[in-house]
Structure formats: structure tokens, C-alpha cells
>>> print(open('start.cif').read())   # mmCIF, C-alpha atoms
data_work
loop_
_atom_site.label_atom_id
_atom_site.label_comp_id
_atom_site.auth_asym_id
_atom_site.auth_seq_id
_atom_site.Cartn_x
_atom_site.Cartn_y
_atom_site.Cartn_z
CA MET A 1 -86.60 31.73 -13.15
CA GLU A 2 -85.32 31.34 -16.72
CA THR A 3 -83.22 28.30 -17.53
CA ILE A 4 -80.48 28.46 -20.16
CA THR A 5 -79.22 25.19 -21.61
CA ILE A 6 -75.64 25.06 -22.91
CA ARG A 7 -74.72 21.88 -24.76
CA TYR A 8 -71.31 20.58 -25.75
CA GLU A 9 -70.63 17.56 -27.94
CA LYS A 10 -67.37 15.71 -28.50
CA LEU A 11 -65.90 16.92 -31.77
CA PHE A 12 -63.08 14.36 -31.68
CA SER A 13 -60.85 12.41 -29.32
CA ILE A 14 -57.37 10.95 -29.75
CA LEU A 15 -55.89 8.16 -27.64
CA LEU A 16 -52.18 8.43 -26.87
CA ALA A 17 -50.73 5.06 -25.94
CA HIS A 18 -47.45 3.99 -24.33
CA THR A 19 -46.69 0.60 -22.78
CA ALA A 20 -45.24 2.25 -19.67
CA PHE A 21 -48.54 4.06 -19.09
CA PRO A 22 -51.27 1.47 -19.68
CA VAL A 23 -54.98 2.05 -19.32
CA PRO A 24 -55.97 0.35 -16.03
CA ALA A 25 -58.18 -2.71 -15.95
CA ALA A 26 -61.81 -2.25 -14.95
CA GLY A 27 -62.18 -1.32 -11.29
CA LYS A 28 -58.54 -0.37 -10.81
CA ASN A 29 -57.07 3.08 -10.28
CA TRP A 30 -54.58 4.87 -12.50
CA THR A 31 -51.05 4.35 -11.19
CA ALA A 32 -49.29 6.23 -13.99
CA SER A 33 -50.64 8.72 -16.48
CA LEU A 34 -49.24 10.58 -19.44
CA MET A 35 -50.58 13.84 -18.01
CA ASP A 36 -47.33 14.41 -16.09
CA GLU A 37 -45.18 13.64 -19.14
CA LEU A 38 -47.01 15.35 -22.01
CA LYS A 39 -48.51 18.73 -22.74
CA ILE A 40 -50.88 19.38 -25.63
CA GLU A 41 -51.64 22.97 -26.64
CA PRO A 42 -53.14 24.65 -29.71
CA ASP A 43 -50.90 26.91 -31.76
CA GLY A 44 -51.76 30.62 -31.97
CA PRO A 45 -54.29 30.57 -34.85
CA THR A 46 -55.98 27.45 -33.44
CA ALA A 47 -56.26 28.97 -29.97
CA ALA A 48 -57.98 32.01 -31.50
CA LEU A 49 -60.30 29.75 -33.54
CA PHE A 50 -61.23 27.72 -30.46
CA GLU A 51 -62.00 30.87 -28.47
CA ARG A 52 -64.24 32.28 -31.21
CA HIS A 53 -66.21 29.05 -31.59
CA ASP A 54 -66.33 27.94 -27.94
CA ILE A 55 -64.22 24.81 -28.49
CA HIS A 56 -62.41 23.28 -25.52
CA CYS A 57 -59.80 20.52 -25.27
CA GLN A 58 -58.77 18.45 -22.28
CA PHE A 59 -56.09 15.81 -21.83
CA LYS A 60 -57.09 13.22 -19.28
CA HIS A 61 -56.58 9.46 -18.85
CA ASN A 62 -54.21 9.40 -21.85
CA THR A 63 -56.97 10.79 -24.09
CA LEU A 64 -57.14 14.16 -25.79
CA SER A 65 -60.82 15.14 -26.10
CA CYS A 66 -62.12 18.19 -27.91
CA TYR A 67 -65.63 19.52 -27.27
CA ILE A 68 -67.62 22.08 -29.23
CA ARG A 69 -70.62 24.08 -28.12
CA VAL A 70 -73.70 23.12 -30.15
CA ALA A 71 -77.23 24.47 -30.42
CA ALA A 72 -79.62 23.52 -27.63
CA ASN A 73 -81.97 21.59 -29.92
CA ASN A 74 -79.73 20.04 -32.61
CA ASP A 75 -76.14 19.09 -33.41
CA THR A 76 -75.10 22.25 -35.22
CA PRO A 77 -72.24 24.41 -33.92
CA PHE A 78 -73.51 27.27 -31.78
CA PHE A 79 -71.02 29.48 -33.62
CA ARG A 80 -70.83 28.60 -37.30
CA LEU A 81 -67.49 27.01 -38.21
CA PRO A 82 -65.37 28.08 -41.19
CA THR A 83 -65.85 25.78 -44.19
CA ASP A 84 -62.08 25.10 -44.27
CA PHE A 85 -61.96 24.11 -40.58
CA SER A 86 -58.61 22.81 -39.38
CA ALA A 87 -56.72 22.83 -36.11
CA ARG A 88 -53.08 22.41 -35.09
CA LEU A 89 -52.07 20.98 -31.74
CA LEU A 90 -48.50 20.95 -30.45
CA LEU A 91 -47.43 17.94 -28.40
CA THR A 92 -44.46 18.48 -26.09
CA ALA A 93 -42.92 15.95 -23.71
CA THR A 94 -40.41 15.76 -20.91
CA ASN A 95 -36.88 14.64 -21.79
CA THR A 96 -37.35 11.59 -19.58
CA PHE A 97 -40.42 10.56 -21.53
CA ILE A 98 -38.80 11.17 -24.93
CA ALA A 99 -35.98 8.83 -23.89
CA LYS A 100 -38.59 6.11 -23.30
CA THR A 101 -40.07 6.37 -26.78
CA GLY A 102 -36.99 5.09 -28.66
CA LEU A 103 -37.31 7.66 -31.44
CA SER A 104 -34.83 8.22 -34.26
CA PRO A 105 -31.55 9.95 -33.30
CA SER A 106 -32.36 12.63 -35.91
CA PHE A 107 -35.32 13.77 -33.81
CA GLY A 108 -34.89 17.12 -32.07
CA GLY A 109 -34.48 20.81 -32.79
CA GLU A 110 -36.49 21.63 -35.90
CA TYR A 111 -37.11 17.95 -36.65
CA THR A 112 -40.41 16.84 -35.21
CA HIS A 113 -43.05 14.25 -36.05
CA HIS A 114 -45.87 15.54 -38.23
CA VAL A 115 -49.18 13.69 -37.96
CA GLN A 116 -52.24 14.50 -40.08
CA ILE A 117 -55.52 13.39 -38.53
CA LYS A 118 -58.69 13.43 -40.60
CA LEU A 119 -61.98 14.10 -38.87
CA LYS A 120 -64.06 11.04 -39.71
CA THR A 121 -66.38 8.51 -38.18
CA THR A 122 -64.05 5.53 -38.31
CA THR A 123 -60.93 4.86 -36.26
CA SER A 124 -57.33 5.03 -37.54
CA SER A 125 -54.02 4.52 -35.77
CA ILE A 126 -50.33 5.15 -36.28
CA ARG A 127 -47.06 4.48 -34.50
CA LEU A 128 -45.38 7.82 -33.91
CA SER A 129 -42.05 6.53 -35.21
CA ASN A 130 -43.73 5.77 -38.57
CA SER A 131 -45.02 9.31 -39.02
CA ALA A 132 -43.09 11.90 -40.99
CA LEU A 133 -40.02 13.19 -39.13
CA THR A 134 -39.52 16.57 -40.75
CA THR A 135 -39.48 20.33 -40.30
CA VAL A 136 -42.91 21.91 -39.94
CA ALA A 137 -43.45 25.56 -40.79
CA SER A 138 -45.23 27.60 -38.15
CA ALA A 139 -48.59 29.09 -39.13
CA THR A 140 -47.29 32.37 -37.69
CA PRO A 141 -44.25 33.65 -39.63
CA GLU A 142 -41.57 35.82 -38.10
CA ARG A 143 -42.03 39.53 -38.84
CA VAL A 144 -38.87 41.56 -39.39
CA PHE A 145 -38.93 45.36 -39.64
CA HIS A 146 -36.69 47.06 -42.20
CA PRO A 147 -36.22 50.80 -41.53
CA GLY A 148 -36.46 53.15 -44.46
CA TYR A 149 -33.68 55.34 -45.76
CA SER A 150 -33.34 57.96 -48.45
CA ASP A 151 -36.17 57.38 -50.95
CA HIS A 152 -36.81 53.78 -49.79
CA PRO A 153 -39.74 53.47 -47.36
CA SER A 154 -39.62 51.23 -44.33
CA PHE A 155 -41.43 47.90 -44.52
CA TRP A 156 -42.19 44.67 -42.68
CA GLU A 157 -40.97 41.34 -44.03
CA GLU A 158 -42.53 38.01 -43.12
CA ARG A 159 -40.12 35.10 -42.88
CA PRO A 160 -41.20 31.47 -42.48
CA VAL A 161 -39.99 29.80 -39.29
CA SER A 162 -40.02 26.18 -38.25
CA ILE A 163 -41.71 24.86 -35.13
CA THR A 164 -39.12 23.73 -32.59
CA GLY A 165 -39.13 21.87 -29.29
CA CYS A 166 -42.12 19.62 -30.04
CA LEU A 167 -42.48 15.87 -29.88
CA ALA A 168 -45.15 16.07 -32.57
CA VAL A 169 -47.33 18.48 -34.52
CA LEU A 170 -50.90 17.18 -34.86
CA ASP A 171 -52.84 18.70 -37.74
CA ILE A 172 -56.59 18.06 -37.53
CA VAL A 173 -58.24 18.43 -40.95
CA ALA A 174 -61.85 18.15 -42.07
CA GLU A 175 -61.48 15.91 -45.09
CA GLY A 176 -63.35 12.90 -46.31
CA THR A 177 -66.34 11.74 -48.34
CA LYS A 178 -69.82 10.47 -47.51
CA LYS A 179 -69.97 9.75 -43.77
CA ASN A 180 -66.26 10.47 -43.37
CA LYS A 181 -66.56 14.23 -43.24
CA LEU A 182 -67.22 16.92 -40.67
CA PHE A 183 -70.83 17.74 -41.55
CA LYS A 184 -73.86 15.75 -42.62
CA GLN A 185 -74.99 18.83 -44.52
CA GLU A 186 -72.68 21.70 -45.42
CA ALA A 187 -75.42 24.35 -45.50
CA THR A 188 -76.73 23.70 -41.99
CA GLN A 189 -73.42 22.40 -40.56
CA ILE A 190 -75.19 19.56 -38.76
CA LEU A 191 -72.31 17.52 -37.33
CA ASN A 192 -71.90 14.13 -38.93
CA TYR A 193 -70.66 12.46 -35.76
CA THR A 194 -69.75 12.95 -32.15
CA VAL A 195 -68.18 9.54 -31.43
CA SER A 196 -66.12 7.17 -33.53
CA ASN A 197 -67.89 4.13 -34.95
CA GLY A 198 -70.96 5.23 -32.99
CA LYS A 199 -69.32 4.20 -29.71
CA ALA A 200 -68.43 6.66 -26.98
CA ASP A 201 -65.37 4.67 -25.86
CA GLN A 202 -63.69 4.78 -29.26
CA HIS A 203 -61.56 7.55 -30.73
CA ILE A 204 -60.97 8.83 -34.23
CA TYR A 205 -57.26 8.22 -33.84
CA ARG A 206 -54.75 6.28 -31.75
CA ILE A 207 -51.10 7.29 -31.61
CA ASP A 208 -48.66 4.71 -30.21
CA LEU A 209 -45.79 6.69 -28.75
CA LYS A 210 -43.28 3.89 -28.23
CA VAL A 211 -41.28 2.31 -31.06
#
>>> encode(input="start.cif", output="C-alpha cells")
Amino acid sequence: METITIRYEKLFSILLAHTAFPVPAAGKNWTASLMDELKIEPDGPTAALFERHDIHCQFKHNTLSCYIRVAANNDTPFFRLPTDFSARLLLTATNTFIAKTGLSPSFGGEYTHHVQIKLKTTTSSIRLSNSALTTVASATPERVFHPGYSDHPSFWEERPVSITGCLAVLDIVAEGTKKNKLFKQEATQILNYTVSNGKADQHIYRIDLKV
């Protein structure tokens, strides 16, 4: 019987922290988790990118982890990644949870927190309230049809629209120099890292959600 090996490696992980939802001490069970309060989903273009390249994300134990399928015998993506790889994840939260974060009164509607996270081998962190509170244009513009008349043909117009209803927009970008970049070698796309600081229990980014 033929055996087929399918390997996945952690592309990145992000820890979301809130004092009301602490990581339990060793040997103790989780009594409260952010899973019931938060939802993290890719936007449209990112979802399509993940499907094409067999990339999967999961949100568990207050950690967002993203895994990519790699070759059976080395750490190269099974499906070659675009050289300008980036991903956008939309973080939404319950109203009860948002009230616990103590965010600025100007938050809401089109105003959301915009966090840029660079794929690199060392760990960074930010307090959500210190990130940019701004409008973020959707990667998918609104398309409006204009019917033709007389000697003017009909046409489609693309209008930029802002992302609404999100706690935060997380943009994952492949930037950096030397070891702080996505690939060890651009030509082969051998991944430069799978864990932060060489340790499986560390993440490339930590976002503190409470002021």
C-alpha cells in the first residue's frame, strides 16, 4: 500500500492577551477563553490565497496559528507563494468584550484598529489601544453599474469602501532583512522560520487587547 506524507509547518502565530482571559497555570484547565468572544477570519482575497496555497488558520487557547503545507522532504511551500505575499485578517468581537477593552470612544463604525505584523523570526508586541485607530479601505472595492444611454456605453465603476464592524484589521506582511524575512532563499522559497526565536511556545506577535 502506498503511503502519502502531507506536512504542514507553522507559518506564524499571534497571541491575543486580555487580563480577564489569562493563560492557565501549568496543569490547570481553561476556565475562560477568547474563543467565545472573538472571531478571526481572512478577507476575500486572503481566503482565496489561503485556499490556493493550502494555508489554514485556527484560533485556539487565545492564539491564532497559521499553518502552510510544505514539501515532504524540505521546508518549501508545496504550492509556490507569490513573491509579494501578504494576508489580511479581520478581528471581530462581541459588544460585551469590546466594553471590557476600554478602547477610545471614537472607535466604531468605519473606525477600527489597524495593526501591521511583519513576518520575522523575533517577537514583537503592541497594546491594541496604541495601534492606529483609522479607516481601512477594503481590498475589494464596491462595483457600481452605470447603464448606457444615447451614444454613451454602459460601464462599471469601482468605488473604494471602508471596512466596518471590526475590532481590528491585522495585515500580515513579508518584510524584513537578513533572518527577518519570509524565505531563507527567494529562488527556492525555503522558509526562514517556523517558530519565533527558535522556540515553539513563542509567537511572532502579541496583541494586548485591554487598555
>>> resolve_selection(input="start.cif", expression="the PyMOL selection byres ((chain A and resi 95) around 12)", output="list in words")
Asp36, Glu37, Leu38, Thr92, Ala93, Thr94, Thr96, Phe97, Ile98, Ala99, Lys100, Thr101, Gly102, Leu103, Gly108, Gly165, Cys166 and Leu167 of chain A
>>> closest_residue(input="start.cif", among="A:Leu34, A:Thr63, A:Gln58, A:Arg69", to="A:Tyr8", atoms="all atoms listed in the file")
A:Arg69
>>> atom_distance(input="start.cif", atom1="atom CA of A:Leu90", atom2="atom CA of A:Leu191")
25.0 Å
>>> atom_distance(input="start.cif", atom1="atom CA of A:Lys181", atom2="atom CA of A:Thr76")
14.2 Å
>>> atom_distance(input="start.cif", atom1="atom CA of A:Lys184", atom2="atom CA of A:Phe85")
14.7 Å
>>> resolve_selection(input="start.cif", expression="the PyMOL selection byres ((chain A and resi 84) around 12)", output="VMD selection string")
chain A and resid 49 80 to 83 85 to 87 172 to 175 181 to 183 186
>>> residues_around(input="start.cif", residues="A:Gly109", least_positions_apart="4", cutoff="12 Å", atoms="only C-alpha atoms", output="VMD selection string")
chain A and resid 105 113 133 to 136 162 to 168
>>> residues_around(input="start.cif", residues="stretch 138-151 of chain A", least_positions_apart="5", cutoff="10 Å", atoms="all atoms listed in the file", output="compact mmCIF listing (two decimals) with C-alpha atoms, keeping the file's coordinate frame")
# COMPACT_ATOMS: atom_id res chain seq x y z
CA ASP A 43 -50.90 26.91 -31.76
CA GLY A 44 -51.76 30.62 -31.97
CA PRO A 45 -54.29 30.57 -34.85
CA THR A 46 -55.98 27.45 -33.44
CA ARG A 88 -53.08 22.41 -35.09
CA TRP A 156 -42.19 44.67 -42.68
CA GLU A 157 -40.97 41.34 -44.03
CA GLU A 158 -42.53 38.01 -43.12
CA ARG A 159 -40.12 35.10 -42.88
CA PRO A 160 -41.20 31.47 -42.48
CA VAL A 161 -39.99 29.80 -39.29
CA SER A 162 -40.02 26.18 -38.25
CA ILE A 163 -41.71 24.86 -35.13
CA THR A 164 -39.12 23.73 -32.59
